[in-house]
Amino acid sequence: MKLLFSSFSRHEPSKLGYGALSMGFLLLSFCYLSLLFKSHQIPSPNLNLQVENVSKKVEDGDPPTSKKVEEGDSPTSSQHGLQFKAEIQPTVEILPICNTKNKRFDICKLEGDIRIHPNSSTIFLLTSSPPSSWGLPVGRNSWKIQPYVRKGDVTAMQNVKDITVKPFESSVITSNSSLENLSYYVKIPKCTVRHEIPAIIFSTGGYTGNLFHDFTDVLVPLYITSHRFDREVQFVISDMNIWWIRKFQHILKQLSGHDPVNFGDEAEVHCFSSAIAGLEFHRELGTHAGKLQNTSSNELRTESMFDFRALLRRAYFLERERVVLEGGRKPRLLLINRSRSRKFENAKEIMRRSEKLGYEVVTVEANWSTNMTLLAQIVNSCDVMVGVHGAGLTNMVLLPAGAVVIQIVPLGRLEGLASYDFGDPAVAMDLHYLDYRIKPEESSLIKEIPRDDPALVDPISLHKKGWGALRTVYLDKQDVRVDLRRFEKVLKKAKMLLYSRA
């Protein structure tokens with residue numbers, strides 16, 4: 001204080017009096033503001049900040065949303081002995097109505113007044129949630145999705161129709177307003193059929209008709225998406241192929257107790273209170289094993305390929321859940337033959353060698369018109385399946401647990417593709433998996449192209465040219481002639497695996 005008043009002269013008492021009065025006022029103001037500061041929170045848009053004394057410790061009973069800020073993380077004042085304590089408020093993640101970020105599929109989860117208008121390929125959604133929670137792309141008032149799990153595959157998606165999902169805020173509609181007369185909205189159709197169960201909208205376009213894609217693109221994703229509803233769900237199918245519905249009707253009936261609705265050829269406007277547009281995909285011919293809530297019983301139930309395969313056994317009345325070799329019964333080997341590319345050039349020799357090793361051999365050649373019930377019962381009766389890489393190996397979903405899958409991998413460095421499509425899924429289904437990799441002398445390509453051609457000596461060079469070049473040479477133009485001496489070792493190993501589990 002001495003320094004503060006030293007500038008005042010003895011000859012200026014009036015100025016000194018006014019100065020003392022001003023300083024007193026400032027001190028009182030500072031004390032008052034300090035009290036206010038200690039008794040109020042400091043406002044912040046993201047954090048709830050409170051001032052507390054440095055010496056005060058955080059008690060064990062502090063709420064879980066509170067986290068003590070470490071030294072240096074927040075402003076402190078050593079002069080006043082104060083430190084800020086941040087209470088981080090939990091944030092609720094707002095999920096968009098439609099998730100279009102997955103590389104493999106788009107999916108929309110809808111709640112509200114849902115009206116499916118087939119003629120315009122549009123799903124109208126009247127929802128009570130505010131537009132800020134919809135997650136619409138900037139500048140857009142709707143989503144366009146293709147409900148098939150080959151997003152990004154141009155060839156597949158050419159056969160899948162676009163579906164528009166158009167949300168509206170229901171709170172703007174009063175009891176005296178007619179939806180059809182709202183000038184700032186498009187005309188919303190009236191309901192003609194109202195359902196009390198949820199809907200799942202998906203496509204049977206794309207690559208359907210190929211057994212591998214029937215299962216990995218539609219049936220397994222449909223199981224993943226619909227399993228929780230315990231058959232109380234309405235399928236609404238875009239790009240509907242009647243022959244496909246008939247072929248897989250037994251599986252579809254295990255997933256839904258209601259006849260499917262044709263999205264593309266339907267005069268009715270079907271209305272729901274909840275719906276899922278699109279299917280969820282996990283991996284080729286597989287699921288991520290887990291538990292989910294059953295919507296009808298509210299019980300937890302498992303979701304895995306074990307459960308999916310159990311569903312197939314119910315659908316086709318299959319007796320064998322696991323391989324059991326009793327009473328000296330010969331193991332049964334199923335040889336999957338092909339009529340076009342990747343054929344066995346020596347199928348009869350393979351069958352004879354297999355029989356010589358103690359197998360009972362059966363062979364099938366399935367196509368899009370094959371009776372699935374008959375095929376399923378044949379496959380389920382077998383213990384070993386042998387086939388060249390291709391859709392026919394998909395039949396392994398019908399094998400009993402503990403069976404052996406032998407994949408013949410064509411020339412062309414296709415081991416990674418073969419394992420991804422069939423090897424890894426087989427193991428996840430509790431099947432044994434063996435592969436047999438073709439050498440150049442076992443491939444028909446050796447007779448068609450020079451021995452020094454890059455397709456034979458440097459397959460990776462074709463891989464670099466893309467899927468089209470790879471497919472044309474190694475999948476569309478190649479047949480195989482198995483070296484029986486080499487292949488016999490694989491057949492013996494398969495038999496050993498069977499008896500080790502018997």
# chains A, B, ... in the order shown; residues from 1 in each chain; ligands from 1
>>> residues_around(residues="stretch 211-217 of chain A", least_positions_apart="4", cutoff="9 Å", atoms="only C-alpha atoms", output="short mmCIF file (atom, residue, chain, number, x, y, z; two decimals) with all heavy atoms, in the first residue's frame")
data_model
loop_
_atom_site.label_atom_id
_atom_site.label_comp_id
_atom_site.auth_asym_id
_atom_site.auth_seq_id
_atom_site.Cartn_x
_atom_site.Cartn_y
_atom_site.Cartn_z
N TYR A 148 -29.53 -54.98 -51.35
CA TYR A 148 -28.81 -56.20 -51.71
C TYR A 148 -27.37 -56.00 -51.28
O TYR A 148 -26.81 -54.91 -51.43
CB TYR A 148 -28.90 -56.41 -53.23
CG TYR A 148 -28.32 -57.72 -53.74
CD1 TYR A 148 -29.05 -58.91 -53.62
CD2 TYR A 148 -27.08 -57.75 -54.34
CE1 TYR A 148 -28.52 -60.10 -54.10
CE2 TYR A 148 -26.54 -58.94 -54.82
CZ TYR A 148 -27.27 -60.11 -54.70
OH TYR A 148 -26.74 -61.30 -55.17
N VAL A 149 -26.74 -57.05 -50.74
CA VAL A 149 -25.48 -56.88 -50.02
C VAL A 149 -24.23 -56.99 -50.92
O VAL A 149 -23.20 -57.48 -50.47
CB VAL A 149 -25.38 -57.85 -48.83
CG1 VAL A 149 -26.50 -57.64 -47.85
CG2 VAL A 149 -25.33 -59.31 -49.31
N ARG A 150 -24.31 -56.46 -52.14
CA ARG A 150 -23.13 -56.40 -53.01
C ARG A 150 -22.88 -54.96 -53.43
O ARG A 150 -22.54 -54.67 -54.57
CB ARG A 150 -23.31 -57.28 -54.24
CG ARG A 150 -23.25 -58.75 -53.95
CD ARG A 150 -21.86 -59.31 -54.07
NE ARG A 150 -21.77 -60.63 -53.42
CZ ARG A 150 -20.65 -61.24 -53.15
NH1 ARG A 150 -19.50 -60.67 -53.43
NH2 ARG A 150 -20.64 -62.41 -52.54
N THR A 204 -34.23 -59.85 -54.39
CA THR A 204 -33.75 -61.15 -54.88
C THR A 204 -33.22 -61.00 -56.30
O THR A 204 -33.28 -61.92 -57.11
CB THR A 204 -34.85 -62.23 -54.82
OG1 THR A 204 -35.98 -61.79 -55.58
CG2 THR A 204 -35.27 -62.52 -53.41
N GLY A 206 -29.66 -59.09 -58.25
CA GLY A 206 -28.23 -59.35 -58.12
C GLY A 206 -27.81 -60.64 -58.78
O GLY A 206 -28.14 -60.92 -59.93
N TYR A 207 -27.06 -61.45 -58.04
CA TYR A 207 -26.52 -62.70 -58.56
C TYR A 207 -27.36 -63.91 -58.16
O TYR A 207 -26.87 -65.05 -58.24
CB TYR A 207 -25.10 -62.91 -58.05
CG TYR A 207 -24.06 -61.95 -58.61
CD1 TYR A 207 -23.13 -61.35 -57.77
CD2 TYR A 207 -24.01 -61.67 -59.97
CE1 TYR A 207 -22.16 -60.50 -58.27
CE2 TYR A 207 -23.05 -60.81 -60.47
CZ TYR A 207 -22.12 -60.22 -59.62
OH TYR A 207 -21.16 -59.36 -60.12
N PRO A 221 -27.77 -63.37 -44.84
CA PRO A 221 -28.10 -62.02 -44.35
C PRO A 221 -29.56 -61.88 -43.90
O PRO A 221 -29.85 -61.17 -42.93
CB PRO A 221 -27.80 -61.12 -45.56
CG PRO A 221 -26.76 -61.86 -46.32
CD PRO A 221 -27.13 -63.30 -46.17
N LEU A 222 -30.47 -62.56 -44.59
CA LEU A 222 -31.88 -62.51 -44.18
C LEU A 222 -32.07 -63.16 -42.82
O LEU A 222 -32.83 -62.66 -41.97
CB LEU A 222 -32.75 -63.19 -45.23
CG LEU A 222 -34.26 -63.18 -44.99
CD1 LEU A 222 -34.79 -61.75 -44.90
CD2 LEU A 222 -34.98 -63.95 -46.09
N TRP A 244 -37.40 -68.27 -57.54
CA TRP A 244 -36.48 -68.26 -56.41
C TRP A 244 -37.24 -68.47 -55.10
O TRP A 244 -36.80 -69.22 -54.22
CB TRP A 244 -35.70 -66.94 -56.39
CG TRP A 244 -34.54 -66.91 -55.45
CD1 TRP A 244 -33.25 -67.21 -55.74
CD2 TRP A 244 -34.57 -66.57 -54.06
NE1 TRP A 244 -32.46 -67.08 -54.61
CE2 TRP A 244 -33.25 -66.69 -53.56
CE3 TRP A 244 -35.57 -66.18 -53.18
CZ2 TRP A 244 -32.91 -66.42 -52.24
CZ3 TRP A 244 -35.24 -65.92 -51.85
CH2 TRP A 244 -33.92 -66.05 -51.39
N LEU A 279 -30.54 -55.62 -45.85
CA LEU A 279 -30.13 -56.74 -45.01
C LEU A 279 -28.74 -56.49 -44.45
O LEU A 279 -27.92 -55.79 -45.03
CB LEU A 279 -30.11 -58.05 -45.84
CG LEU A 279 -31.45 -58.48 -46.45
CD1 LEU A 279 -31.26 -59.75 -47.28
CD2 LEU A 279 -32.51 -58.68 -45.38
N PHE A 281 -25.05 -57.77 -43.43
CA PHE A 281 -24.08 -58.77 -43.88
C PHE A 281 -22.92 -58.81 -42.91
O PHE A 281 -22.43 -57.77 -42.47
CB PHE A 281 -23.58 -58.39 -45.29
CG PHE A 281 -22.47 -59.28 -45.80
CD1 PHE A 281 -22.76 -60.44 -46.50
CD2 PHE A 281 -21.14 -58.95 -45.60
CE1 PHE A 281 -21.75 -61.26 -46.98
CE2 PHE A 281 -20.11 -59.76 -46.07
CZ PHE A 281 -20.42 -60.91 -46.77
N ARG A 283 -20.16 -61.79 -43.12
CA ARG A 283 -19.04 -62.31 -43.90
C ARG A 283 -19.58 -63.37 -44.84
O ARG A 283 -20.73 -63.80 -44.72
CB ARG A 283 -17.97 -62.90 -42.99
CG ARG A 283 -18.44 -64.08 -42.13
CD ARG A 283 -17.34 -64.54 -41.19
NE ARG A 283 -17.77 -65.71 -40.43
CZ ARG A 283 -17.02 -66.27 -39.50
NH1 ARG A 283 -15.83 -65.80 -39.23
NH2 ARG A 283 -17.45 -67.33 -38.83
N GLU A 284 -18.75 -63.81 -45.80
CA GLU A 284 -19.21 -64.80 -46.78
C GLU A 284 -19.66 -66.08 -46.06
O GLU A 284 -18.92 -66.65 -45.25
CB GLU A 284 -18.09 -65.14 -47.78
CG GLU A 284 -17.55 -63.95 -48.55
CD GLU A 284 -18.55 -63.34 -49.53
OE1 GLU A 284 -19.72 -63.76 -49.55
OE2 GLU A 284 -18.16 -62.42 -50.27
N LEU A 285 -20.86 -66.50 -46.37
CA LEU A 285 -21.44 -67.73 -45.82
C LEU A 285 -21.28 -67.84 -44.31
O LEU A 285 -21.04 -68.92 -43.78
CB LEU A 285 -20.79 -68.97 -46.47
CG LEU A 285 -21.16 -69.27 -47.92
CD1 LEU A 285 -20.44 -70.53 -48.39
CD2 LEU A 285 -22.67 -69.43 -48.10
N GLY A 286 -21.44 -66.71 -43.62
CA GLY A 286 -21.25 -66.79 -42.18
C GLY A 286 -21.83 -65.62 -41.42
O GLY A 286 -22.30 -64.63 -41.99
N ASN A 367 -28.25 -77.39 -60.38
CA ASN A 367 -28.40 -76.11 -61.08
C ASN A 367 -29.55 -75.33 -60.45
O ASN A 367 -30.09 -75.74 -59.41
CB ASN A 367 -28.63 -76.33 -62.59
CG ASN A 367 -29.83 -77.23 -62.87
OD1 ASN A 367 -30.88 -77.10 -62.24
ND2 ASN A 367 -29.67 -78.18 -63.79
N TRP A 368 -29.95 -74.22 -61.07
CA TRP A 368 -30.95 -73.34 -60.45
C TRP A 368 -32.30 -74.03 -60.27
O TRP A 368 -33.09 -73.64 -59.40
CB TRP A 368 -31.12 -72.07 -61.28
CG TRP A 368 -31.70 -72.29 -62.65
CD1 TRP A 368 -31.03 -72.54 -63.80
CD2 TRP A 368 -33.09 -72.30 -62.99
NE1 TRP A 368 -31.90 -72.71 -64.85
CE2 TRP A 368 -33.18 -72.57 -64.37
CE3 TRP A 368 -34.27 -72.12 -62.27
CZ2 TRP A 368 -34.39 -72.65 -65.04
CZ3 TRP A 368 -35.48 -72.20 -62.94
CH2 TRP A 368 -35.53 -72.45 -64.31
N GLY A 390 -16.16 -73.32 -56.54
CA GLY A 390 -17.34 -72.87 -57.25
C GLY A 390 -18.58 -73.01 -56.39
O GLY A 390 -18.52 -73.47 -55.24
N ALA A 391 -19.71 -72.60 -56.96
CA ALA A 391 -20.96 -72.51 -56.20
C ALA A 391 -21.39 -73.83 -55.59
O ALA A 391 -22.03 -73.86 -54.53
CB ALA A 391 -22.06 -71.96 -57.10
N GLY A 392 -21.04 -74.95 -56.23
CA GLY A 392 -21.48 -76.25 -55.72
C GLY A 392 -21.01 -76.54 -54.30
O GLY A 392 -21.67 -77.26 -53.55
N LEU A 393 -19.86 -75.96 -53.91
CA LEU A 393 -19.36 -76.19 -52.56
C LEU A 393 -20.24 -75.54 -51.49
O LEU A 393 -20.12 -75.86 -50.31
CB LEU A 393 -17.93 -75.66 -52.43
CG LEU A 393 -16.84 -76.48 -53.13
CD1 LEU A 393 -15.50 -75.76 -53.08
CD2 LEU A 393 -16.72 -77.86 -52.50
N THR A 394 -21.14 -74.66 -51.91
CA THR A 394 -22.08 -74.04 -50.96
C THR A 394 -22.93 -75.09 -50.26
O THR A 394 -23.41 -74.87 -49.14
CB THR A 394 -22.99 -73.03 -51.69
OG1 THR A 394 -22.17 -72.14 -52.45
CG2 THR A 394 -23.83 -72.24 -50.71
N ASN A 395 -23.09 -76.24 -50.90
CA ASN A 395 -23.89 -77.31 -50.30
C ASN A 395 -23.35 -77.77 -48.96
O ASN A 395 -24.03 -78.49 -48.22
CB ASN A 395 -23.97 -78.50 -51.26
CG ASN A 395 -24.88 -78.22 -52.45
OD1 ASN A 395 -26.07 -77.99 -52.27
ND2 ASN A 395 -24.31 -78.22 -53.64
N ASP A 421 -13.91 -67.73 -49.44
CA ASP A 421 -15.27 -68.11 -49.83
C ASP A 421 -15.76 -69.39 -49.16
O ASP A 421 -16.95 -69.49 -48.81
CB ASP A 421 -15.35 -68.29 -51.36
CG ASP A 421 -15.36 -66.97 -52.10
OD1 ASP A 421 -15.51 -65.92 -51.46
OD2 ASP A 421 -15.21 -66.99 -53.34
#
>>> residues_around(residues="A:His389", least_positions_apart="2", cutoff="12 Å", atoms="only C-alpha atoms", output="PyMOL selection string")
chain A and resi 212+336-338+341-344+385-387+391-394+405-412+414-423+435-438+474-476+478-480
>>> closest_residue(among="A:Val236, A:Ala347, A:Ala426, A:Cys382", to="A:Val269", atoms="only C-alpha atoms")
A:Val236
>>> atom_distance(atom1="atom CA of A:Leu462", atom2="atom CA of A:Ser443")
16.7 Å
>>> residues_around(residues="A:Asp458", least_positions_apart="4", cutoff="12 Å", atoms="only C-alpha atoms", output="PyMOL selection string")
chain A and resi 411-413+440+451-454+462-464+470
>>> write_last_selection(atoms="N, CA and C atoms", output="PDB file, in the first residue's frame")
ATOM      1  N   LEU A 411      -5.594 -73.705 -60.800  1.00  0.00           N
ATOM      2  CA  LEU A 411      -4.358 -72.968 -61.027  1.00  0.00           C
ATOM      3  C   LEU A 411      -4.661 -71.466 -61.096  1.00  0.00           C
ATOM      4  N   GLY A 412      -3.737 -70.651 -60.580  1.00  0.00           N
ATOM      5  CA  GLY A 412      -3.935 -69.214 -60.683  1.00  0.00           C
ATOM      6  C   GLY A 412      -3.766 -68.449 -59.390  1.00  0.00           C
ATOM      7  N   ARG A 413      -3.097 -69.033 -58.403  1.00  0.00           N
ATOM      8  CA  ARG A 413      -2.906 -68.380 -57.102  1.00  0.00           C
ATOM      9  C   ARG A 413      -4.251 -67.951 -56.516  1.00  0.00           C
ATOM     10  N   PRO A 440       0.400 -77.037 -62.651  1.00  0.00           N
ATOM     11  CA  PRO A 440       0.194 -76.736 -64.082  1.00  0.00           C
ATOM     12  C   PRO A 440      -0.147 -77.967 -64.921  1.00  0.00           C
ATOM     13  N   ARG A 451       3.848 -72.742 -72.331  1.00  0.00           N
ATOM     14  CA  ARG A 451       4.318 -72.985 -70.976  1.00  0.00           C
ATOM     15  C   ARG A 451       4.932 -71.742 -70.333  1.00  0.00           C
ATOM     16  N   ASP A 452       5.429 -70.807 -71.170  1.00  0.00           N
ATOM     17  CA  ASP A 452       6.029 -69.599 -70.618  1.00  0.00           C
ATOM     18  C   ASP A 452       5.050 -68.429 -70.556  1.00  0.00           C
ATOM     19  N   ASP A 453       3.770 -68.705 -70.798  1.00  0.00           N
ATOM     20  CA  ASP A 453       2.757 -67.651 -70.723  1.00  0.00           C
ATOM     21  C   ASP A 453       2.620 -67.155 -69.278  1.00  0.00           C
ATOM     22  N   PRO A 454       2.458 -65.833 -69.067  1.00  0.00           N
ATOM     23  CA  PRO A 454       2.305 -65.304 -67.699  1.00  0.00           C
ATOM     24  C   PRO A 454       1.192 -65.972 -66.899  1.00  0.00           C
ATOM     25  N   LEU A 462      -1.830 -61.431 -63.762  1.00  0.00           N
ATOM     26  CA  LEU A 462      -3.244 -61.378 -64.152  1.00  0.00           C
ATOM     27  C   LEU A 462      -4.096 -60.814 -63.034  1.00  0.00           C
ATOM     28  N   HIS A 463      -3.740 -61.104 -61.799  1.00  0.00           N
ATOM     29  CA  HIS A 463      -4.468 -60.540 -60.667  1.00  0.00           C
ATOM     30  C   HIS A 463      -4.443 -59.020 -60.734  1.00  0.00           C
ATOM     31  N   LYS A 464      -3.292 -58.485 -61.135  1.00  0.00           N
ATOM     32  CA  LYS A 464      -3.150 -57.033 -61.183  1.00  0.00           C
ATOM     33  C   LYS A 464      -4.033 -56.395 -62.254  1.00  0.00           C
ATOM     34  N   LEU A 470      -8.789 -62.168 -64.362  1.00  0.00           N
ATOM     35  CA  LEU A 470      -8.566 -63.353 -63.542  1.00  0.00           C
ATOM     36  C   LEU A 470      -9.669 -64.388 -63.773  1.00  0.00           C
TER      37      LEU A 470
END
>>> select_by_dssp(residues="stretch 328-374 of chain A", states="strand (DSSP E or B)", output="list in words")
Arg332, Leu333, Leu334, Leu335, Ile336, Phe344, Glu360, Val361, Val362, Thr363 and Val364 of chain A
>>> decode(residues="stretch 345-358 of chain A", atoms="N, CA, C and O atoms", output="PDB file, in the first residue's frame")
ATOM      1  N   GLU A 345     -11.948 -83.629 -65.426  1.00  0.00           N
ATOM      2  CA  GLU A 345     -11.742 -84.387 -66.661  1.00  0.00           C
ATOM      3  C   GLU A 345     -11.602 -85.881 -66.390  1.00  0.00           C
ATOM      4  O   GLU A 345     -11.752 -86.697 -67.303  1.00  0.00           O
ATOM      5  N   ASN A 346     -11.312 -86.235 -65.168  1.00  0.00           N
ATOM      6  CA  ASN A 346     -11.169 -87.655 -64.812  1.00  0.00           C
ATOM      7  C   ASN A 346     -12.055 -88.011 -63.619  1.00  0.00           C
ATOM      8  O   ASN A 346     -11.605 -88.642 -62.653  1.00  0.00           O
ATOM      9  N   ALA A 347     -13.323 -87.579 -63.666  1.00  0.00           N
ATOM     10  CA  ALA A 347     -14.250 -87.812 -62.562  1.00  0.00           C
ATOM     11  C   ALA A 347     -14.416 -89.303 -62.269  1.00  0.00           C
ATOM     12  O   ALA A 347     -14.453 -89.717 -61.097  1.00  0.00           O
ATOM     13  N   LYS A 348     -14.514 -90.125 -63.296  1.00  0.00           N
ATOM     14  CA  LYS A 348     -14.718 -91.566 -63.077  1.00  0.00           C
ATOM     15  C   LYS A 348     -13.516 -92.194 -62.387  1.00  0.00           C
ATOM     16  O   LYS A 348     -13.681 -93.056 -61.508  1.00  0.00           O
ATOM     17  N   GLU A 349     -12.311 -91.754 -62.745  1.00  0.00           N
ATOM     18  CA  GLU A 349     -11.110 -92.280 -62.106  1.00  0.00           C
ATOM     19  C   GLU A 349     -11.069 -91.869 -60.629  1.00  0.00           C
ATOM     20  O   GLU A 349     -10.656 -92.663 -59.763  1.00  0.00           O
ATOM     21  N   ILE A 350     -11.507 -90.650 -60.329  1.00  0.00           N
ATOM     22  CA  ILE A 350     -11.553 -90.190 -58.932  1.00  0.00           C
ATOM     23  C   ILE A 350     -12.523 -91.054 -58.127  1.00  0.00           C
ATOM     24  O   ILE A 350     -12.236 -91.451 -56.996  1.00  0.00           O
ATOM     25  N   MET A 351     -13.672 -91.352 -58.724  1.00  0.00           N
ATOM     26  CA  MET A 351     -14.674 -92.167 -58.037  1.00  0.00           C
ATOM     27  C   MET A 351     -14.126 -93.567 -57.762  1.00  0.00           C
ATOM     28  O   MET A 351     -14.276 -94.096 -56.660  1.00  0.00           O
ATOM     29  N   ARG A 352     -13.476 -94.159 -58.747  1.00  0.00           N
ATOM     30  CA  ARG A 352     -12.945 -95.524 -58.563  1.00  0.00           C
ATOM     31  C   ARG A 352     -11.855 -95.541 -57.500  1.00  0.00           C
ATOM     32  O   ARG A 352     -11.814 -96.443 -56.659  1.00  0.00           O
ATOM     33  N   ARG A 353     -10.982 -94.546 -57.509  1.00  0.00           N
ATOM     34  CA  ARG A 353      -9.911 -94.497 -56.510  1.00  0.00           C
ATOM     35  C   ARG A 353     -10.500 -94.296 -55.103  1.00  0.00           C
ATOM     36  O   ARG A 353     -10.029 -94.892 -54.138  1.00  0.00           O
ATOM     37  N   SER A 354     -11.533 -93.504 -55.011  1.00  0.00           N
ATOM     38  CA  SER A 354     -12.181 -93.267 -53.719  1.00  0.00           C
ATOM     39  C   SER A 354     -12.827 -94.544 -53.200  1.00  0.00           C
ATOM     40  O   SER A 354     -12.727 -94.871 -51.999  1.00  0.00           O
ATOM     41  N   GLU A 355     -13.471 -95.278 -54.073  1.00  0.00           N
ATOM     42  CA  GLU A 355     -14.098 -96.545 -53.678  1.00  0.00           C
ATOM     43  C   GLU A 355     -13.041 -97.562 -53.235  1.00  0.00           C
ATOM     44  O   GLU A 355     -13.251 -98.322 -52.284  1.00  0.00           O
ATOM     45  N   LYS A 356     -11.903 -97.548 -53.914  1.00  0.00           N
ATOM     46  CA  LYS A 356     -10.816 -98.450 -53.556  1.00  0.00           C
ATOM     47  C   LYS A 356     -10.298 -98.160 -52.151  1.00  0.00           C
ATOM     48  O   LYS A 356      -9.838 -99.073 -51.442  1.00  0.00           O
ATOM     49  N   LEU A 357     -10.400 -96.872 -51.746  1.00  0.00           N
ATOM     50  CA  LEU A 357      -9.939 -96.478 -50.408  1.00  0.00           C
ATOM     51  C   LEU A 357     -11.010 -96.687 -49.333  1.00  0.00           C
ATOM     52  O   LEU A 357     -10.797 -96.346 -48.174  1.00  0.00           O
ATOM     53  N   GLY A 358     -12.163 -97.231 -49.718  1.00  0.00           N
ATOM     54  CA  GLY A 358     -13.181 -97.573 -48.732  1.00  0.00           C
ATOM     55  C   GLY A 358     -14.335 -96.595 -48.619  1.00  0.00           C
ATOM     56  O   GLY A 358     -15.113 -96.650 -47.652  1.00  0.00           O
TER      57      GLY A 358
END
